[in-house]
$ cat target-v6.pdb   # PDB, C-alpha atoms
ATOM      1  CA  MET A  21     109.001  55.814  84.283
ATOM      2  CA  SER A  22     107.350  58.554  82.241
ATOM      3  CA  ASP A  23     106.387  58.146  78.578
ATOM      4  CA  LYS A  24     107.775  61.628  77.989
ATOM      5  CA  THR A  25     111.426  62.139  77.076
ATOM      6  CA  TYR A  26     112.997  65.095  78.854
ATOM      7  CA  GLN A  27     115.700  66.816  76.824
ATOM      8  CA  HIS A  28     116.806  69.648  79.127
ATOM      9  CA  ILE A  29     117.488  68.496  82.675
ATOM     10  CA  ASP A  30     119.216  69.874  85.770
ATOM     11  CA  LEU A  31     119.510  67.622  88.798
ATOM     12  CA  HIS A  32     121.530  69.827  91.157
ATOM     13  CA  MET A  33     120.605  73.330  92.347
ATOM     14  CA  HIS A  34     120.048  75.355  95.517
ATOM     15  CA  SER A  35     117.474  77.807  96.837
ATOM     16  CA  THR A  36     117.129  80.104  99.834
ATOM     17  CA  ALA A  37     116.169  77.021 101.852
ATOM     18  CA  SER A  38     119.937  76.482 102.118
ATOM     19  CA  ASP A  39     122.556  78.767 100.563
ATOM     20  CA  GLY A  40     121.005  79.769  97.237
ATOM     21  CA  LYS A  41     120.023  83.306  96.279
ATOM     22  CA  LEU A  42     116.570  82.556  94.819
ATOM     23  CA  THR A  43     113.471  81.181  96.488
ATOM     24  CA  PRO A  44     112.217  77.829  95.179
ATOM     25  CA  SER A  45     109.476  79.650  93.240
ATOM     26  CA  GLU A  46     111.951  82.085  91.703
ATOM     27  CA  LEU A  47     114.260  79.201  90.843
ATOM     28  CA  LEU A  48     111.491  77.285  89.061
ATOM     29  CA  ALA A  49     110.458  80.418  87.165
ATOM     30  CA  LEU A  50     114.055  80.877  86.005
ATOM     31  CA  ALA A  51     114.281  77.207  85.049
ATOM     32  CA  HIS A  52     111.126  77.581  82.954
ATOM     33  CA  GLN A  53     112.612  80.669  81.303
ATOM     34  CA  GLU A  54     115.765  78.663  80.483
ATOM     35  CA  GLY A  55     113.784  75.787  79.008
ATOM     36  CA  VAL A  56     114.536  73.249  81.738
ATOM     37  CA  GLU A  57     112.017  70.400  81.588
ATOM     38  CA  MET A  58     113.161  68.296  84.551
ATOM     39  CA  LEU A  59     114.967  69.472  87.663
ATOM     40  CA  ALA A  60     115.843  68.498  91.179
ATOM     41  CA  LEU A  61     116.026  70.988  94.030
ATOM     42  CA  THR A  62     118.959  69.729  96.118
ATOM     43  CA  ASP A  63     119.397  72.103  99.031
ATOM     44  CA  HIS A  64     122.105  71.329 101.585
ATOM     45  CA  ASP A  65     120.854  69.036 104.344
ATOM     46  CA  THR A  66     117.242  70.166 104.077
ATOM     47  CA  THR A  67     114.068  69.379 102.171
ATOM     48  CA  ALA A  68     112.319  72.531 103.394
ATOM     49  CA  GLY A  69     112.036  74.031  99.898
ATOM     50  CA  LEU A  70     110.433  71.039  98.194
ATOM     51  CA  ALA A  71     106.782  71.888  98.928
ATOM     52  CA  GLU A  72     107.103  75.361  97.394
ATOM     53  CA  ALA A  73     109.141  73.948  94.510
ATOM     54  CA  SER A  74     106.443  71.347  93.831
ATOM     55  CA  SER A  75     103.728  73.984  93.503
ATOM     56  CA  ALA A  76     105.902  76.117  91.226
ATOM     57  CA  ALA A  77     106.856  73.088  89.119
ATOM     58  CA  SER A  78     103.176  72.322  88.485
ATOM     59  CA  GLU A  79     102.587  75.938  87.482
ATOM     60  CA  HIS A  80     105.430  75.825  84.932
ATOM     61  CA  ASP A  81     104.867  72.224  83.756
ATOM     62  CA  ILE A  82     108.326  71.129  84.957
ATOM     63  CA  LYS A  83     109.033  67.611  86.181
ATOM     64  CA  LEU A  84     110.337  67.978  89.750
ATOM     65  CA  ILE A  85     112.460  65.280  91.360
ATOM     66  CA  ASN A  86     112.686  65.412  95.153
ATOM     67  CA  GLY A  87     116.326  66.008  96.055
ATOM     68  CA  CYS A  88     118.740  66.880  98.833
ATOM     69  CA  GLU A  89     122.518  67.361  98.975
ATOM     70  CA  LEU A  90     123.781  65.726 102.149
ATOM     71  CA  SER A  91     127.070  66.418 103.886
ATOM     72  CA  VAL A  92     128.889  63.138 104.567
ATOM     73  CA  ALA A  93     132.396  61.952 105.354
ATOM     74  CA  TRP A  94     134.787  59.230 104.197
ATOM     75  CA  LYS A  95     137.717  58.585 106.518
ATOM     76  CA  LYS A  96     137.268  62.089 108.009
ATOM     77  CA  ILE A  97     137.266  63.712 104.543
ATOM     78  CA  PRO A  98     134.076  65.775 103.988
ATOM     79  CA  LEU A  99     132.136  64.923 100.839
ATOM     80  CA  HIS A 100     128.723  65.709  99.376
ATOM     81  CA  MET A 101     126.113  63.156  98.345
ATOM     82  CA  VAL A 102     122.968  63.999  96.392
ATOM     83  CA  ALA A 103     119.869  61.927  97.141
ATOM     84  CA  LEU A 104     117.149  61.902  94.475
ATOM     85  CA  GLY A 105     113.714  60.408  94.053
ATOM     86  CA  PHE A 106     112.800  59.860  97.712
ATOM     87  CA  ASP A 107     109.302  60.269  99.083
ATOM     88  CA  LYS A 108     108.668  63.759 100.469
ATOM     89  CA  ASP A 109     107.679  62.233 103.818
ATOM     90  CA  CYS A 110     110.581  59.765 103.980
ATOM     91  CA  PRO A 111     111.373  59.319 107.710
ATOM     92  CA  ARG A 112     115.000  58.267 107.090
ATOM     93  CA  MET A 113     115.666  61.396 105.047
ATOM     94  CA  ALA A 114     114.091  63.473 107.821
ATOM     95  CA  PHE A 115     116.376  61.783 110.352
ATOM     96  CA  TRP A 116     119.602  62.558 108.456
ATOM     97  CA  THR A 117     118.668  66.117 107.515
ATOM     98  CA  GLN A 118     117.757  66.887 111.125
ATOM     99  CA  ARG A 119     121.023  65.360 112.297
ATOM    100  CA  ASN A 120     123.031  67.446 109.858
ATOM    101  CA  GLN A 121     121.129  70.605 110.728
ATOM    102  CA  ALA A 122     122.105  70.033 114.359
ATOM    103  CA  VAL A 123     125.743  69.787 113.243
ATOM    104  CA  ARG A 124     125.397  73.071 111.359
ATOM    105  CA  LEU A 125     123.867  74.789 114.386
ATOM    106  CA  GLU A 126     126.637  73.510 116.640
ATOM    107  CA  ARG A 127     129.160  74.811 114.118
ATOM    108  CA  GLY A 128     127.545  78.247 114.433
ATOM    109  CA  ARG A 129     127.960  78.106 118.196
ATOM    110  CA  GLN A 130     131.616  77.155 117.774
ATOM    111  CA  ILE A 131     132.140  80.126 115.430
ATOM    112  CA  ALA A 132     130.531  82.463 117.978
ATOM    113  CA  ASP A 133     132.750  81.046 120.745
ATOM    114  CA  LEU A 134     135.900  81.532 118.675
ATOM    115  CA  LEU A 135     134.920  85.125 117.887
ATOM    116  CA  ARG A 136     134.345  85.816 121.589
ATOM    117  CA  LYS A 137     137.814  84.487 122.366
ATOM    118  CA  LYS A 138     139.109  87.098 119.912
ATOM    119  CA  GLY A 139     137.420  89.861 121.891
ATOM    120  CA  LEU A 140     134.151  90.201 119.975
ATOM    121  CA  PRO A 141     130.709  90.170 121.601
ATOM    122  CA  ASP A 142     128.525  87.063 121.417
ATOM    123  CA  LEU A 143     127.034  87.241 117.913
ATOM    124  CA  PHE A 144     125.276  83.862 117.837
ATOM    125  CA  ASP A 145     121.668  85.012 118.380
ATOM    126  CA  LYS A 146     122.036  87.917 115.949
ATOM    127  CA  ALA A 147     123.531  85.602 113.319
ATOM    128  CA  VAL A 148     120.623  83.168 113.767
ATOM    129  CA  GLU A 149     118.193  86.072 113.328
ATOM    130  CA  GLU A 150     120.107  87.188 110.220
ATOM    131  CA  ALA A 151     119.883  83.684 108.746
ATOM    132  CA  GLY A 152     116.094  83.576 109.134
ATOM    133  CA  GLN A 153     114.741  80.564 107.239
ATOM    134  CA  SER A 154     118.060  79.825 105.519
ATOM    135  CA  GLN A 155     120.922  77.858 107.025
ATOM    136  CA  LEU A 156     123.176  79.517 109.543
ATOM    137  CA  GLY A 157     126.657  80.070 108.126
ATOM    138  CA  ARG A 158     129.670  82.345 108.106
ATOM    139  CA  PRO A 159     128.067  84.905 105.736
ATOM    140  CA  HIS A 160     125.415  85.613 108.378
ATOM    141  CA  PHE A 161     128.078  86.290 111.009
ATOM    142  CA  ALA A 162     129.842  88.554 108.485
ATOM    143  CA  LYS A 163     126.683  90.602 107.841
ATOM    144  CA  VAL A 164     126.114  91.043 111.574
ATOM    145  CA  MET A 165     129.726  92.149 112.032
ATOM    146  CA  VAL A 166     129.304  94.802 109.345
ATOM    147  CA  ARG A 167     125.999  95.996 110.811
ATOM    148  CA  GLU A 168     127.499  96.169 114.299
ATOM    149  CA  GLY A 169     130.420  98.236 113.022
ATOM    150  CA  ILE A 170     133.006  95.583 113.893
ATOM    151  CA  VAL A 171     134.345  95.496 110.328
ATOM    152  CA  LYS A 172     133.989  97.744 107.297
ATOM    153  CA  ASP A 173     132.638  95.126 104.902
ATOM    154  CA  ILE A 174     132.048  91.395 104.468
ATOM    155  CA  ASN A 175     135.450  90.818 102.865
ATOM    156  CA  LYS A 176     137.140  92.288 105.942
ATOM    157  CA  ALA A 177     135.058  89.991 108.153
ATOM    158  CA  PHE A 178     136.421  86.952 106.336
ATOM    159  CA  ASP A 179     139.964  88.347 106.111
ATOM    160  CA  HIS A 180     140.223  89.025 109.828
ATOM    161  CA  TYR A 181     137.856  86.580 111.491
ATOM    162  CA  LEU A 182     135.940  84.097 109.347
ATOM    163  CA  GLY A 183     138.386  82.687 106.778
ATOM    164  CA  ASN A 184     139.206  78.976 106.811
ATOM    165  CA  LYS A 185     142.595  79.602 108.418
ATOM    166  CA  LYS A 186     140.998  81.765 111.117
ATOM    167  CA  LEU A 187     138.468  79.054 111.962
ATOM    168  CA  GLY A 188     140.811  76.113 111.588
ATOM    169  CA  GLN A 189     139.904  74.707 114.991
ATOM    170  CA  ILE A 190     136.350  73.874 113.886
ATOM    171  CA  ARG A 191     135.657  70.347 112.726
ATOM    172  CA  ASP A 192     132.264  69.299 111.411
ATOM    173  CA  VAL A 193     131.130  65.817 112.419
ATOM    174  CA  TRP A 194     129.239  64.642 109.344
ATOM    175  CA  PRO A 195     127.820  61.103 109.074
ATOM    176  CA  GLN A 196     130.208  58.477 107.744
ATOM    177  CA  LEU A 197     129.396  56.862 104.398
ATOM    178  CA  GLU A 198     129.091  53.448 106.031
ATOM    179  CA  ASP A 199     126.322  54.771 108.311
ATOM    180  CA  ILE A 200     124.221  56.926 106.019
ATOM    181  CA  VAL A 201     124.481  55.226 102.606
ATOM    182  CA  PRO A 202     123.055  51.795 103.501
ATOM    183  CA  ASP A 203     120.316  53.422 105.582
ATOM    184  CA  LEU A 204     119.098  55.631 102.722
ATOM    185  CA  ALA A 205     119.758  52.994 100.049
ATOM    186  CA  ALA A 206     117.194  50.810 101.818
ATOM    187  CA  THR A 207     114.509  53.405 100.983
ATOM    188  CA  GLY A 208     115.073  52.899  97.248
ATOM    189  CA  CYS A 209     116.211  56.439  96.450
ATOM    190  CA  GLU A 210     119.135  57.237  94.161
ATOM    191  CA  LEU A 211     122.377  58.132  95.959
ATOM    192  CA  ILE A 212     124.845  60.138  93.897
ATOM    193  CA  MET A 213     128.404  61.172  94.674
ATOM    194  CA  ALA A 214     128.332  64.908  93.947
ATOM    195  CA  HIS A 215     131.063  66.652  91.910
ATOM    196  CA  PRO A 216     133.780  64.013  92.524
ATOM    197  CA  LYS A 217     136.598  66.137  91.051
ATOM    198  CA  ARG A 218     136.193  68.908  93.617
ATOM    199  CA  TYR A 219     137.558  66.981  96.574
ATOM    200  CA  PRO A 220     141.225  67.007  97.660
ATOM    201  CA  LEU A 221     141.685  63.404  96.559
ATOM    202  CA  THR A 222     144.239  61.688  94.363
ATOM    203  CA  VAL A 223     142.875  59.513  91.580
ATOM    204  CA  THR A 224     143.713  56.446  93.657
ATOM    205  CA  LYS A 225     141.811  57.774  96.683
ATOM    206  CA  LEU A 226     138.881  58.869  94.531
ATOM    207  CA  LYS A 227     138.586  55.362  93.115
ATOM    208  CA  SER A 228     138.765  53.990  96.650
ATOM    209  CA  VAL A 229     135.919  56.309  97.714
ATOM    210  CA  LEU A 230     133.815  55.237  94.745
ATOM    211  CA  GLN A 231     134.498  51.565  95.409
ATOM    212  CA  ASP A 232     133.317  51.926  99.008
ATOM    213  CA  PHE A 233     130.349  54.050  97.894
ATOM    214  CA  LYS A 234     129.309  51.359  95.413
ATOM    215  CA  ILE A 235     129.589  48.532  97.954
ATOM    216  CA  LEU A 236     127.563  50.474 100.525
ATOM    217  CA  GLY A 237     124.688  51.127  98.118
ATOM    218  CA  GLY A 238     125.592  54.269  96.160
ATOM    219  CA  THR A 239     123.982  54.220  92.723
ATOM    220  CA  ALA A 240     125.465  57.065  90.671
ATOM    221  CA  ILE A 241     128.074  59.788  90.291
ATOM    222  CA  GLU A 242     127.725  63.325  89.015
ATOM    223  CA  VAL A 243     129.707  63.435  85.778
ATOM    224  CA  ALA A 244     129.067  67.133  85.130
ATOM    225  CA  SER A 245     128.531  69.847  87.706
ATOM    226  CA  GLY A 246     128.385  73.383  86.397
ATOM    227  CA  ASN A 247     131.165  74.834  84.295
ATOM    228  CA  GLU A 248     133.514  71.890  84.713
ATOM    229  CA  ARG A 249     136.531  71.201  82.520
ATOM    230  CA  PRO A 250     135.588  68.907  79.604
ATOM    231  CA  ASP A 251     138.501  66.563  80.344
ATOM    232  CA  TYR A 252     137.199  66.177  83.921
ATOM    233  CA  VAL A 253     133.760  65.269  82.560
ATOM    234  CA  ARG A 254     135.261  62.693  80.192
ATOM    235  CA  PHE A 255     137.239  61.241  83.118
ATOM    236  CA  LEU A 256     134.124  60.987  85.288
ATOM    237  CA  GLU A 257     132.185  59.415  82.436
ATOM    238  CA  ARG A 258     134.861  56.722  82.267
ATOM    239  CA  LEU A 259     134.651  56.178  86.026
ATOM    240  CA  SER A 260     130.863  55.848  85.818
ATOM    241  CA  ARG A 261     131.346  53.050  83.283
ATOM    242  CA  ASP A 262     134.190  51.378  85.187
ATOM    243  CA  PHE A 263     132.186  51.237  88.422
ATOM    244  CA  GLU A 264     128.856  50.620  86.657
ATOM    245  CA  PHE A 265     127.321  53.731  88.141
ATOM    246  CA  LYS A 266     124.429  55.654  86.682
ATOM    247  CA  ALA A 267     125.416  59.193  85.666
ATOM    248  CA  SER A 268     123.855  62.434  86.869
ATOM    249  CA  ALA A 269     124.421  66.064  85.856
ATOM    250  CA  GLY A 270     123.448  69.500  87.074
ATOM    251  CA  SER A 271     124.387  73.149  87.260
ATOM    252  CA  ASP A 272     124.946  73.309  91.053
ATOM    253  CA  TYR A 273     123.283  76.707  90.658
ATOM    254  CA  HIS A 274     123.372  78.958  93.726
ATOM    255  CA  GLY A 275     122.676  82.329  92.127
ATOM    256  CA  PRO A 276     123.462  84.742  89.266
ATOM    257  CA  PHE A 277     127.191  85.053  89.923
ATOM    258  CA  GLY A 278     128.299  85.424  86.301
ATOM    259  CA  PRO A 279     127.601  84.398  82.712
ATOM    260  CA  TRP A 280     129.164  80.976  83.364
ATOM    261  CA  THR A 281     126.532  80.043  85.945
ATOM    262  CA  GLN A 282     122.910  79.462  84.995
ATOM    263  CA  VAL A 283     120.142  77.003  85.734
ATOM    264  CA  GLY A 284     120.323  74.149  83.256
ATOM    265  CA  ARG A 285     123.881  74.968  82.208
ATOM    266  CA  TYR A 286     126.792  72.561  82.663
ATOM    267  CA  THR A 287     129.545  71.047  80.575
ATOM    268  CA  GLN A 288     128.096  68.794  77.882
ATOM    269  CA  VAL A 289     127.973  65.101  78.655
ATOM    270  CA  HIS A 290     128.217  62.242  76.127
ATOM    271  CA  GLU A 291     124.921  60.508  76.812
ATOM    272  CA  GLN A 292     125.727  57.577  74.539
ATOM    273  CA  GLU A 293     128.725  56.707  76.733
ATOM    274  CA  ILE A 294     126.960  56.800  80.116
ATOM    275  CA  SER A 295     123.805  55.490  81.779
ATOM    276  CA  PRO A 296     121.823  58.707  82.367
ATOM    277  CA  ILE A 297     119.936  58.588  85.633
ATOM    278  CA  TRP A 298     117.207  60.936  84.390
ATOM    279  CA  TYR A 299     115.748  58.472  81.879
ATOM    280  CA  GLN A 300     114.050  56.560  84.694
ATOM    281  CA  TRP A 301     111.694  59.420  85.563
TER     282      TRP A 301
END

$ encode --input "target-v6.pdb" --output "C-alpha cells"
Amino acid sequence: MSDKTYQHIDLHMHSTASDGKLTPSELLALAHQEGVEMLALTDHDTTAGLAEASSAASEHDIKLINGCELSVAWKKIPLHMVALGFDKDCPRMAFWTQRNQAVRLERGRQIADLLRKKGLPDLFDKAVEEAGQSQLGRPHFAKVMVREGIVKDINKAFDHYLGNKKLGQIRDVWPQLEDIVPDLAATGCELIMAHPKRYPLTVTKLKSVLQDFKILGGTAIEVASGNERPDYVRFLERLSRDFEFKASAGSDYHGPFGPWTQVGRYTQVHEQEISPIWYQW
C-alpha cells in the first residue's frame, strides 16, 4: 500500500492493443492531461499494451495498475471480468489471455466462412492484415469490404453482412467462471465483475451470478462504468455491500466518441458507502 492518497482514479480503459482508438502512450498522455493520478489499462484478453503503458506512466508520474478485461461465461451467458494487480509475467494470466485470443481468432475464421457462404471472397487474411497489432474483429472485415468495393461504407457492411442477426450462428466459447476465477484468484490478483448492469440479466439472475462469483474467488464489482445512470450506481453500491465486495470504478474509455466519454470520467460514486479497491495501492 502506498503512503500517497490518489484522488482521481480510472481502473477501466482500452488502447489499440485491443479495441481502443489510442495507443497506450497516447492514453497515458490524455490521462495526465485530465488529471488522472492512478489508472489501469484493461485491454480485452491481452496484456500486450502494459509495457508501453508502464513507460508512459513513469513519464507522467501516474500510478499504473496492471489490468486486463477477460471474456468469461456464466451458464453460457457471456460476461466480462476485470483482473487487476497481477504480476506482468504472471503465467496464469498469460494462459487465459492466450486461450481467449485463440477463441477470437477462431471467431474471425467463422465470420470469414459465413461471408463466403453468402458469395463473398475469403476475406480472412486481409482482415488479419487490417487488424495489425490490434484484435481481429468485425470492424476489420468491414474496412476490407469497403476497400474491396463489396459495400459502399462500413455501416452497409454491418447492415448487410456483419450485424448480430447476420452472424447469429457464431458462438464464442469463453472460459466458464468456475474454471477461470479460482485459477486466477490463486495468484492473489483482484477479480472484478465488470459493468454488472450491462448484461441481459434479471436482478435475481444478477445476484445469482454475484453469489457464484464470490464463492469462486471474485473480490469486487464495478459500481460505476462510464456515463452510467446514477440509480444504477446506487444499486450496485448496495450490492457491493450486500455481498461484501470491494468496489471498483472506471470510464471504460475506448476513444473520443463524444463529450460524455473521457478518461477519468464516470458517474460519481459514494466512497463512504463502499469499500474502494483503489485504496490498497

$ resolve_selection --input "target-v6.pdb" --expression "the PyMOL selection byres ((chain A and resi 209-219) around 6)" --output "PyMOL selection string"
chain A and resi 100-106+207-208+220-221+238-242+245

$ resolve_selection --input "target-v6.pdb" --expression "the PyMOL selection byres ((chain A and resi 81-97) around 9)" --output "VMD selection string"
chain A and resid 26 31 to 32 48 51 to 52 56 to 67 70 73 to 74 76 to 80 98 to 108 113 116 to 117 120 193 to 198 200 214 219 to 220 229 301

$ atom_distance --input "target-v6.pdb" --atom1 "CA of Leu259 in chain A" --atom2 "CA of Gly275 in chain A"
29.4 Å

$ atom_distance --input "target-v6.pdb" --atom1 "CA of Ala147 in chain A" --atom2 "CA of Val164 in chain A"
6.3 Å

$ resolve_selection --input "target-v6.pdb" --expression "the PyMOL selection byres ((chain A and resi 168) around 12)" --output "PyMOL selection string"
chain A and resi 140-143+146-147+161-167+169-174+177

$ atom_distance --input "target-v6.pdb" --atom1 "CA of Tyr299 in chain A" --atom2 "CA of Ser260 in chain A"
15.8 Å

$ closest_residue --input "target-v6.pdb" --among "A:Leu204, A:Ala68, A:Leu50, A:Leu42" --to "His274 in chain A" --atoms "all atoms listed in the file"
A:Leu42

$ residues_around --input "target-v6.pdb" --residues "Arg158 in chain A" --least-positions-apart "5" --cutoff "12 Å" --atoms "all atoms listed in the file" --output "MDAnalysis selection string"
chainID A and resid 39 124:125 127:132 135 143:144 147:148 150:151 163:165 174:175 177:178 181:184 186:187

$ closest_residue --input "target-v6.pdb" --among "A:Lys41, A:Val289, A:Ile29, A:Arg191" --to "Arg249 in chain A" --atoms "only C-alpha atoms"
A:Val289

$ closest_residue --input "target-v6.pdb" --among "A:Thr287, A:Thr281, A:Gln153, A:Gln300" --to "Glu248 in chain A" --atoms "all atoms listed in the file"
A:Thr287

$ residues_around --input "target-v6.pdb" --residues "Gln288 in chain A" --least-positions-apart "6" --cutoff "12 Å" --atoms "only C-alpha atoms" --output "list in words"
His28, Ile29, Asp30, Val243, Ala244, Ser245, Gly246, Asn247, Glu248, Arg249, Pro250, Asp251, Tyr252, Val253, Arg254, Glu257, Ser268, Ala269, Gly270 and Ser271 of chain A
